[in-house]
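Source file: final.cif (mmCIF, N, CA and C atoms)
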data_start
loop_
_atom_site.label_atom_id
_atom_site.label_comp_id
_atom_site.auth_asym_id
_atom_site.auth_seq_id
_atom_site.Cartn_x
_atom_site.Cartn_y
_atom_site.Cartn_z
N MET A 16 36.92 9.33 4.96
CA MET A 16 37.25 8.01 4.51
C MET A 16 36.41 7.66 3.29
N ARG A 17 37.04 7.06 2.30
CA ARG A 17 36.33 6.69 1.09
C ARG A 17 36.09 5.18 1.08
N THR A 18 34.98 4.77 0.49
CA THR A 18 34.62 3.36 0.43
C THR A 18 34.56 2.91 -1.02
N PHE A 19 35.23 1.81 -1.30
CA PHE A 19 35.25 1.27 -2.65
C PHE A 19 34.67 -0.14 -2.66
N VAL A 20 33.89 -0.44 -3.70
CA VAL A 20 33.37 -1.79 -3.92
C VAL A 20 33.71 -2.16 -5.35
N ALA A 21 34.45 -3.23 -5.51
CA ALA A 21 34.85 -3.72 -6.84
C ALA A 21 35.49 -2.60 -7.67
N GLY A 22 36.31 -1.80 -7.02
CA GLY A 22 37.04 -0.75 -7.73
C GLY A 22 36.27 0.52 -7.99
N GLN A 23 35.01 0.59 -7.54
CA GLN A 23 34.21 1.80 -7.72
C GLN A 23 33.96 2.45 -6.36
N GLU A 24 34.05 3.77 -6.34
CA GLU A 24 33.81 4.49 -5.09
C GLU A 24 32.31 4.62 -4.83
N ALA A 25 31.91 4.26 -3.62
CA ALA A 25 30.51 4.38 -3.21
C ALA A 25 30.32 5.70 -2.46
N HIS A 26 29.38 6.49 -2.92
CA HIS A 26 29.07 7.77 -2.29
C HIS A 26 27.77 7.62 -1.50
N GLY A 27 27.86 7.13 -0.30
CA GLY A 27 26.68 6.98 0.55
C GLY A 27 26.26 5.53 0.72
N ASP A 28 25.39 5.31 1.69
CA ASP A 28 24.93 3.97 2.03
C ASP A 28 24.18 3.30 0.89
N SER A 29 23.30 4.05 0.24
CA SER A 29 22.50 3.48 -0.83
C SER A 29 23.36 3.02 -1.99
N GLU A 30 24.33 3.84 -2.37
CA GLU A 30 25.21 3.47 -3.47
C GLU A 30 26.10 2.29 -3.08
N PHE A 31 26.51 2.24 -1.81
CA PHE A 31 27.30 1.10 -1.34
C PHE A 31 26.49 -0.19 -1.49
N ALA A 32 25.23 -0.16 -1.07
CA ALA A 32 24.38 -1.35 -1.18
C ALA A 32 24.20 -1.76 -2.63
N GLU A 33 23.99 -0.78 -3.50
CA GLU A 33 23.82 -1.08 -4.92
C GLU A 33 25.06 -1.75 -5.50
N LEU A 34 26.22 -1.21 -5.17
CA LEU A 34 27.46 -1.78 -5.69
C LEU A 34 27.75 -3.15 -5.08
N ALA A 35 27.54 -3.28 -3.79
CA ALA A 35 27.85 -4.53 -3.10
C ALA A 35 26.90 -5.66 -3.47
N LEU A 36 25.61 -5.34 -3.58
CA LEU A 36 24.61 -6.37 -3.85
C LEU A 36 24.29 -6.52 -5.33
N GLY A 37 24.64 -5.53 -6.12
CA GLY A 37 24.31 -5.60 -7.54
C GLY A 37 22.84 -5.35 -7.82
N ILE A 38 22.17 -4.67 -6.91
CA ILE A 38 20.74 -4.39 -7.05
C ILE A 38 20.55 -2.89 -7.27
N ASP A 39 19.88 -2.53 -8.34
CA ASP A 39 19.56 -1.14 -8.62
C ASP A 39 18.32 -0.76 -7.80
N VAL A 40 18.53 -0.07 -6.71
CA VAL A 40 17.46 0.27 -5.78
C VAL A 40 16.32 1.00 -6.49
N GLU A 41 16.65 1.96 -7.32
CA GLU A 41 15.62 2.76 -7.99
C GLU A 41 14.76 1.91 -8.93
N LEU A 42 15.33 0.88 -9.53
CA LEU A 42 14.57 0.01 -10.41
C LEU A 42 13.43 -0.66 -9.66
N PHE A 43 13.69 -1.15 -8.46
CA PHE A 43 12.68 -1.87 -7.70
C PHE A 43 11.82 -0.96 -6.84
N ARG A 44 12.40 0.09 -6.30
CA ARG A 44 11.67 1.01 -5.43
C ARG A 44 10.91 2.05 -6.22
N GLY A 45 11.49 2.48 -7.30
CA GLY A 45 10.92 3.57 -8.09
C GLY A 45 11.74 4.83 -7.84
N PRO A 46 11.69 5.76 -8.78
CA PRO A 46 12.48 6.98 -8.65
C PRO A 46 11.94 7.90 -7.57
N LEU A 47 12.80 8.78 -7.08
CA LEU A 47 12.36 9.75 -6.08
C LEU A 47 11.46 10.81 -6.70
N GLY A 48 11.69 11.11 -7.97
CA GLY A 48 10.86 12.09 -8.68
C GLY A 48 9.72 11.42 -9.42
N ARG A 49 9.05 12.20 -10.22
CA ARG A 49 7.93 11.67 -10.98
C ARG A 49 8.41 10.82 -12.15
N GLU A 50 7.57 9.86 -12.54
CA GLU A 50 7.80 9.10 -13.76
C GLU A 50 6.47 8.99 -14.49
N THR A 51 6.53 8.93 -15.80
CA THR A 51 5.31 8.81 -16.59
C THR A 51 4.76 7.40 -16.45
N ALA A 52 3.52 7.22 -16.85
CA ALA A 52 2.90 5.90 -16.80
C ALA A 52 3.68 4.91 -17.68
N LYS A 53 4.15 5.38 -18.83
CA LYS A 53 4.93 4.52 -19.74
C LYS A 53 6.25 4.13 -19.09
N GLU A 54 6.92 5.08 -18.46
CA GLU A 54 8.18 4.79 -17.77
C GLU A 54 7.96 3.80 -16.63
N ARG A 55 6.88 4.00 -15.89
CA ARG A 55 6.57 3.11 -14.75
C ARG A 55 6.31 1.68 -15.24
N ARG A 56 5.52 1.55 -16.31
CA ARG A 56 5.24 0.21 -16.84
C ARG A 56 6.54 -0.48 -17.27
N ALA A 57 7.40 0.25 -17.97
CA ALA A 57 8.67 -0.33 -18.43
C ALA A 57 9.54 -0.72 -17.25
N ARG A 58 9.64 0.15 -16.25
CA ARG A 58 10.46 -0.15 -15.07
C ARG A 58 9.93 -1.37 -14.34
N LYS A 59 8.62 -1.44 -14.15
CA LYS A 59 8.03 -2.57 -13.45
C LYS A 59 8.20 -3.88 -14.23
N ASP A 60 8.09 -3.81 -15.56
CA ASP A 60 8.29 -5.02 -16.37
C ASP A 60 9.70 -5.56 -16.20
N VAL A 61 10.69 -4.66 -16.27
CA VAL A 61 12.09 -5.07 -16.11
C VAL A 61 12.32 -5.60 -14.69
N ALA A 62 11.78 -4.91 -13.69
CA ALA A 62 11.96 -5.34 -12.30
C ALA A 62 11.36 -6.73 -12.08
N ARG A 63 10.18 -6.98 -12.64
CA ARG A 63 9.55 -8.29 -12.50
C ARG A 63 10.41 -9.39 -13.13
N GLU A 64 10.96 -9.10 -14.32
CA GLU A 64 11.81 -10.10 -14.99
C GLU A 64 13.06 -10.40 -14.17
N ILE A 65 13.71 -9.37 -13.69
CA ILE A 65 14.93 -9.57 -12.89
C ILE A 65 14.61 -10.30 -11.60
N LEU A 66 13.51 -9.92 -10.95
CA LEU A 66 13.12 -10.59 -9.71
C LEU A 66 12.82 -12.06 -9.96
N ARG A 67 12.14 -12.35 -11.06
CA ARG A 67 11.84 -13.75 -11.41
C ARG A 67 13.14 -14.53 -11.62
N ASP A 68 14.09 -13.92 -12.36
CA ASP A 68 15.37 -14.58 -12.60
C ASP A 68 16.12 -14.83 -11.29
N LEU A 69 16.14 -13.84 -10.41
CA LEU A 69 16.82 -14.00 -9.12
C LEU A 69 16.19 -15.11 -8.30
N ARG A 70 14.86 -15.17 -8.30
CA ARG A 70 14.18 -16.23 -7.55
C ARG A 70 14.52 -17.60 -8.12
N GLU A 71 14.50 -17.72 -9.45
CA GLU A 71 14.83 -19.00 -10.08
C GLU A 71 16.25 -19.41 -9.75
N MET A 72 17.18 -18.47 -9.80
CA MET A 72 18.57 -18.77 -9.48
C MET A 72 18.69 -19.19 -8.02
N GLY A 73 17.95 -18.52 -7.13
CA GLY A 73 17.97 -18.87 -5.72
C GLY A 73 17.42 -20.27 -5.49
N GLU A 74 16.33 -20.61 -6.17
CA GLU A 74 15.74 -21.94 -6.04
C GLU A 74 16.65 -23.02 -6.60
N ALA A 75 17.51 -22.64 -7.56
CA ALA A 75 18.45 -23.59 -8.16
C ALA A 75 19.71 -23.76 -7.31
N GLY A 76 19.79 -23.04 -6.19
CA GLY A 76 20.91 -23.23 -5.28
C GLY A 76 21.86 -22.05 -5.13
N ASP A 77 21.63 -20.96 -5.86
CA ASP A 77 22.50 -19.78 -5.74
C ASP A 77 22.00 -18.96 -4.55
N GLU A 78 22.68 -19.14 -3.41
CA GLU A 78 22.25 -18.50 -2.17
C GLU A 78 22.29 -16.97 -2.27
N VAL A 79 23.31 -16.43 -2.92
CA VAL A 79 23.42 -14.98 -3.06
C VAL A 79 22.24 -14.43 -3.87
N ALA A 80 21.90 -15.10 -4.96
CA ALA A 80 20.77 -14.67 -5.77
C ALA A 80 19.47 -14.75 -4.96
N GLY A 81 19.36 -15.77 -4.11
CA GLY A 81 18.17 -15.89 -3.26
C GLY A 81 18.04 -14.71 -2.30
N TRP A 82 19.16 -14.32 -1.69
CA TRP A 82 19.13 -13.16 -0.79
C TRP A 82 18.87 -11.88 -1.57
N ASP A 83 19.48 -11.76 -2.76
CA ASP A 83 19.22 -10.59 -3.61
C ASP A 83 17.75 -10.50 -3.98
N ALA A 84 17.12 -11.64 -4.24
CA ALA A 84 15.69 -11.66 -4.58
C ALA A 84 14.86 -11.14 -3.41
N LEU A 85 15.22 -11.57 -2.20
CA LEU A 85 14.48 -11.10 -1.02
C LEU A 85 14.64 -9.59 -0.84
N TYR A 86 15.86 -9.09 -1.03
CA TYR A 86 16.12 -7.66 -0.90
C TYR A 86 15.36 -6.88 -1.98
N ALA A 87 15.46 -7.32 -3.22
CA ALA A 87 14.79 -6.63 -4.32
C ALA A 87 13.28 -6.65 -4.11
N ASP A 88 12.74 -7.78 -3.68
CA ASP A 88 11.31 -7.89 -3.43
C ASP A 88 10.87 -6.93 -2.33
N SER A 89 11.68 -6.80 -1.29
CA SER A 89 11.33 -5.88 -0.20
C SER A 89 11.33 -4.43 -0.70
N LEU A 90 12.21 -4.12 -1.63
CA LEU A 90 12.25 -2.76 -2.18
C LEU A 90 10.96 -2.42 -2.94
N THR A 91 10.32 -3.43 -3.53
CA THR A 91 9.08 -3.15 -4.28
C THR A 91 7.94 -2.75 -3.36
N ARG A 92 8.12 -2.99 -2.08
CA ARG A 92 7.08 -2.65 -1.11
C ARG A 92 7.39 -1.38 -0.33
N THR A 93 8.37 -0.64 -0.76
CA THR A 93 8.72 0.61 -0.09
C THR A 93 8.30 1.80 -0.94
N VAL A 94 8.07 2.90 -0.29
CA VAL A 94 7.75 4.15 -0.97
C VAL A 94 8.67 5.21 -0.37
N PRO A 95 9.48 5.84 -1.20
CA PRO A 95 10.34 6.90 -0.66
C PRO A 95 9.52 7.95 0.07
N PHE A 96 10.05 8.42 1.18
CA PHE A 96 9.32 9.34 2.05
C PHE A 96 8.75 10.55 1.30
N LEU A 97 9.56 11.19 0.48
CA LEU A 97 9.09 12.38 -0.22
C LEU A 97 7.96 12.06 -1.17
N ARG A 98 8.03 10.92 -1.86
CA ARG A 98 6.94 10.54 -2.76
C ARG A 98 5.70 10.17 -1.97
N ALA A 99 5.85 9.53 -0.84
CA ALA A 99 4.71 9.15 -0.01
C ALA A 99 3.98 10.40 0.47
N ALA A 100 4.73 11.43 0.79
CA ALA A 100 4.13 12.67 1.27
C ALA A 100 3.30 13.33 0.18
N ARG A 101 3.66 13.09 -1.09
CA ARG A 101 2.90 13.66 -2.21
C ARG A 101 1.80 12.73 -2.68
N GLY A 102 1.71 11.53 -2.09
CA GLY A 102 0.64 10.61 -2.44
C GLY A 102 0.95 9.69 -3.60
N HIS A 103 2.23 9.51 -3.98
CA HIS A 103 2.60 8.61 -5.07
C HIS A 103 3.00 7.26 -4.52
N ARG A 104 2.74 6.22 -5.30
CA ARG A 104 3.08 4.87 -4.87
C ARG A 104 4.18 4.31 -5.74
N SER A 105 4.75 3.19 -5.29
CA SER A 105 5.88 2.59 -5.99
C SER A 105 5.77 1.08 -5.96
N GLY A 106 6.70 0.42 -6.65
CA GLY A 106 6.83 -1.03 -6.59
C GLY A 106 6.26 -1.74 -7.80
N THR A 107 6.49 -3.04 -7.87
CA THR A 107 6.03 -3.83 -9.00
C THR A 107 4.63 -4.36 -8.77
N GLY A 108 4.16 -4.35 -7.51
CA GLY A 108 2.82 -4.82 -7.21
C GLY A 108 2.68 -6.33 -7.22
N GLU A 109 3.78 -7.03 -7.30
CA GLU A 109 3.75 -8.49 -7.33
C GLU A 109 3.89 -9.03 -5.93
N ALA A 110 3.14 -10.05 -5.63
CA ALA A 110 3.30 -10.74 -4.35
C ALA A 110 4.40 -11.77 -4.45
N ALA A 111 5.01 -12.06 -3.35
CA ALA A 111 6.13 -13.04 -3.36
C ALA A 111 5.64 -14.43 -3.62
#

If you convert what's in this file into structure tokens, what do you get?
Amino acid sequence: MRTFVAGQEAHGDSEFAELALGIDVELFRGPLGRETAKERRARKDVAREILRDLREMGEAGDEVAGWDALYADSLTRTVPFLRAARGHRSGTGEAA
């Protein structure tokens, strides 16, 4: 059985969540592979900006944006299993 969200086929649970929620999991969680310090800084900067925008939209009454902010924020506190096993960390490091 194939699953489609907004006309795009989702290949797996993670891709389904990304398509359905509009949240790029890798942006907030970090990549499964290595990233350079420059790449990490850029990713975290973008993630912080998007998270700030989602929070502001949620506080202004957009309930979906508020839930998206909570989901994105929770992703910043996760570390993919394979990266954790190698001792690498992830996330934006921002407190809610």

ask   = When distances are computed from all atoms listed in the file, which of A:Gly22, A:Asp83, A:Ala32, A:Ala57 shows the smallest separation from Leu69 in chain A?
value =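 Nearest candidate to Leu69 in chain A out of A:Gly22, A:Asp83, A:Ala32, A:Ala57: A:Asp83.
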
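Proximity to Glu64 in chain A was assessed for A:Glu30, A:Glu50, A:Glu24, A:Asp88 counting only C-alpha atoms; the smallest distance is recorded for A:Asp88.
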
task = Write out as a PyMOL selection string all residues of range 16-50 of chain A that backbone DSSP assigns to strand (DSSP E or B).
result = chain A and resi 18-20+23-25

Spatial sel., origin (18.8, -7.6, -7.1), limit 5 Å, only N, CA and C atoms, listed as a VMD selection string = chain A and resid 37 to 38 83 87

Store the residues picked out above in a file with N, CA and C atoms, as a compact mmCIF listing (two decimals), keeping the file's coordinate frame.
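The new file again.txt reads:
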# COMPACT_ATOMS: atom_id res chain seq x y z
N GLY A 37 24.64 -5.53 -6.12
CA GLY A 37 24.31 -5.60 -7.54
C GLY A 37 22.84 -5.35 -7.82
N ILE A 38 22.17 -4.67 -6.91
CA ILE A 38 20.74 -4.39 -7.05
C ILE A 38 20.55 -2.89 -7.27
N ASP A 83 19.48 -11.76 -2.76
CA ASP A 83 19.22 -10.59 -3.61
C ASP A 83 17.75 -10.50 -3.98
N ALA A 87 15.46 -7.32 -3.22
CA ALA A 87 14.79 -6.63 -4.32
C ALA A 87 13.28 -6.65 -4.11

So that I can check the surroundings of Gln23 in chain A, please list as a PDB file with N, CA and C atoms, in the coordinates of the input every protein, DNA and RNA residue that reaches within 9 Å of it, counting only C-alpha atoms and ignoring chain neighbours fewer than 4 positions away.
ATOM      1  N   THR A  18      34.980   4.770   0.490  1.00  0.00           N
ATOM      2  CA  THR A  18      34.620   3.360   0.430  1.00  0.00           C
ATOM      3  C   THR A  18      34.560   2.910  -1.020  1.00  0.00           C
ATOM      4  N   PHE A  19      35.230   1.810  -1.300  1.00  0.00           N
ATOM      5  CA  PHE A  19      35.250   1.270  -2.650  1.00  0.00           C
ATOM      6  C   PHE A  19      34.670  -0.140  -2.660  1.00  0.00           C
ATOM      7  N   LEU A  34      26.220  -1.210  -5.170  1.00  0.00           N
ATOM      8  CA  LEU A  34      27.460  -1.780  -5.690  1.00  0.00           C
ATOM      9  C   LEU A  34      27.750  -3.150  -5.080  1.00  0.00           C
TER      10      LEU A  34
END

query = If we count only C-alpha atoms, what is near Ala80 in chain A at a cut-off of 10 Å, once residues fewer than 4 positions away on the same chain are taken out, given as a list in words?
reply =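 Result of the neighbour search: Leu36, Gly37, Leu66, Asp68, Leu69, Arg70, Glu71, Met72, Gly73, Glu74, Ala75, Gly76, Ala84, Leu85 and Tyr86 of chain A.
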
message = Between atom N of Ser29 in chain A and atom C of Asp77 in chain A, what distance in Å does the model show, to one decimal?
response = 23.5 Å

Atom-to-atom span, atom N of Asp60 in chain A and atom N of Arg44 in chain A, Å =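 According to the coordinates, atom N of Asp60 in chain A and atom N of Arg44 in chain A are separated by 10.9 Å.
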
Coordinates-based distance that separates CA of Leu90 in chain A from CA of Thr51 in chain A (Å, one decimal) =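 Computing it gives 19.7 Å between the two atoms.
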
remark   = Closest of A:Ala25, A:Arg58, A:Glu78, A:Arg67 to Gly45 in chain A, counting only N, CA and C atoms, is A:Arg58

query = Among range 54-102 of chain A, which ones does DSSP place in alpha helix (DSSP H), written as a ChimeraX atom specification?
reply = /A:54-74,78-90,96-101

Selected residues written out with N, CA and C atoms, as a short mmCIF file (atom, residue, chain, number, x, y, z; two decimals), keeping the file's coordinate frame:
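Printed below is result20.cif as written:
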data_model
loop_
_atom_site.label_atom_id
_atom_site.label_comp_id
_atom_site.auth_asym_id
_atom_site.auth_seq_id
_atom_site.Cartn_x
_atom_site.Cartn_y
_atom_site.Cartn_z
N GLU A 54 6.92 5.08 -18.46
CA GLU A 54 8.18 4.79 -17.77
C GLU A 54 7.96 3.80 -16.63
N ARG A 55 6.88 4.00 -15.89
CA ARG A 55 6.57 3.11 -14.75
C ARG A 55 6.31 1.68 -15.24
N ARG A 56 5.52 1.55 -16.31
CA ARG A 56 5.24 0.21 -16.84
C ARG A 56 6.54 -0.48 -17.27
N ALA A 57 7.40 0.25 -17.97
CA ALA A 57 8.67 -0.33 -18.43
C ALA A 57 9.54 -0.72 -17.25
N ARG A 58 9.64 0.15 -16.25
CA ARG A 58 10.46 -0.15 -15.07
C ARG A 58 9.93 -1.37 -14.34
N LYS A 59 8.62 -1.44 -14.15
CA LYS A 59 8.03 -2.57 -13.45
C LYS A 59 8.20 -3.88 -14.23
N ASP A 60 8.09 -3.81 -15.56
CA ASP A 60 8.29 -5.02 -16.37
C ASP A 60 9.70 -5.56 -16.20
N VAL A 61 10.69 -4.66 -16.27
CA VAL A 61 12.09 -5.07 -16.11
C VAL A 61 12.32 -5.60 -14.69
N ALA A 62 11.78 -4.91 -13.69
CA ALA A 62 11.96 -5.34 -12.30
C ALA A 62 11.36 -6.73 -12.08
N ARG A 63 10.18 -6.98 -12.64
CA ARG A 63 9.55 -8.29 -12.50
C ARG A 63 10.41 -9.39 -13.13
N GLU A 64 10.96 -9.10 -14.32
CA GLU A 64 11.81 -10.10 -14.99
C GLU A 64 13.06 -10.40 -14.17
N ILE A 65 13.71 -9.37 -13.69
CA ILE A 65 14.93 -9.57 -12.89
C ILE A 65 14.61 -10.30 -11.60
N LEU A 66 13.51 -9.92 -10.95
CA LEU A 66 13.12 -10.59 -9.71
C LEU A 66 12.82 -12.06 -9.96
N ARG A 67 12.14 -12.35 -11.06
CA ARG A 67 11.84 -13.75 -11.41
C ARG A 67 13.14 -14.53 -11.62
N ASP A 68 14.09 -13.92 -12.36
CA ASP A 68 15.37 -14.58 -12.60
C ASP A 68 16.12 -14.83 -11.29
N LEU A 69 16.14 -13.84 -10.41
CA LEU A 69 16.82 -14.00 -9.12
C LEU A 69 16.19 -15.11 -8.30
N ARG A 70 14.86 -15.17 -8.30
CA ARG A 70 14.18 -16.23 -7.55
C ARG A 70 14.52 -17.60 -8.12
N GLU A 71 14.50 -17.72 -9.45
CA GLU A 71 14.83 -19.00 -10.08
C GLU A 71 16.25 -19.41 -9.75
N MET A 72 17.18 -18.47 -9.80
CA MET A 72 18.57 -18.77 -9.48
C MET A 72 18.69 -19.19 -8.02
N GLY A 73 17.95 -18.52 -7.13
CA GLY A 73 17.97 -18.87 -5.72
C GLY A 73 17.42 -20.27 -5.49
N GLU A 74 16.33 -20.61 -6.17
CA GLU A 74 15.74 -21.94 -6.04
C GLU A 74 16.65 -23.02 -6.60
N GLU A 78 22.68 -19.14 -3.41
CA GLU A 78 22.25 -18.50 -2.17
C GLU A 78 22.29 -16.97 -2.27
N VAL A 79 23.31 -16.43 -2.92
CA VAL A 79 23.42 -14.98 -3.06
C VAL A 79 22.24 -14.43 -3.87
N ALA A 80 21.90 -15.10 -4.96
CA ALA A 80 20.77 -14.67 -5.77
C ALA A 80 19.47 -14.75 -4.96
N GLY A 81 19.36 -15.77 -4.11
CA GLY A 81 18.17 -15.89 -3.26
C GLY A 81 18.04 -14.71 -2.30
N TRP A 82 19.16 -14.32 -1.69
CA TRP A 82 19.13 -13.16 -0.79
C TRP A 82 18.87 -11.88 -1.57
N ASP A 83 19.48 -11.76 -2.76
CA ASP A 83 19.22 -10.59 -3.61
C ASP A 83 17.75 -10.50 -3.98
N ALA A 84 17.12 -11.64 -4.24
CA ALA A 84 15.69 -11.66 -4.58
C ALA A 84 14.86 -11.14 -3.41
N LEU A 85 15.22 -11.57 -2.20
CA LEU A 85 14.48 -11.10 -1.02
C LEU A 85 14.64 -9.59 -0.84
N TYR A 86 15.86 -9.09 -1.03
CA TYR A 86 16.12 -7.66 -0.90
C TYR A 86 15.36 -6.88 -1.98
N ALA A 87 15.46 -7.32 -3.22
CA ALA A 87 14.79 -6.63 -4.32
C ALA A 87 13.28 -6.65 -4.11
N ASP A 88 12.74 -7.78 -3.68
CA ASP A 88 11.31 -7.89 -3.43
C ASP A 88 10.87 -6.93 -2.33
N SER A 89 11.68 -6.80 -1.29
CA SER A 89 11.33 -5.88 -0.20
C SER A 89 11.33 -4.43 -0.70
N LEU A 90 12.21 -4.12 -1.63
CA LEU A 90 12.25 -2.76 -2.18
C LEU A 90 10.96 -2.42 -2.94
N PHE A 96 10.05 8.42 1.18
CA PHE A 96 9.32 9.34 2.05
C PHE A 96 8.75 10.55 1.30
N LEU A 97 9.56 11.19 0.48
CA LEU A 97 9.09 12.38 -0.22
C LEU A 97 7.96 12.06 -1.17
N ARG A 98 8.03 10.92 -1.86
CA ARG A 98 6.94 10.54 -2.76
C ARG A 98 5.70 10.17 -1.97
N ALA A 99 5.85 9.53 -0.84
CA ALA A 99 4.71 9.15 -0.01
C ALA A 99 3.98 10.40 0.47
N ALA A 100 4.73 11.43 0.79
CA ALA A 100 4.13 12.67 1.27
C ALA A 100 3.30 13.33 0.18
N ARG A 101 3.66 13.09 -1.09
CA ARG A 101 2.90 13.66 -2.21
C ARG A 101 1.80 12.73 -2.68
#
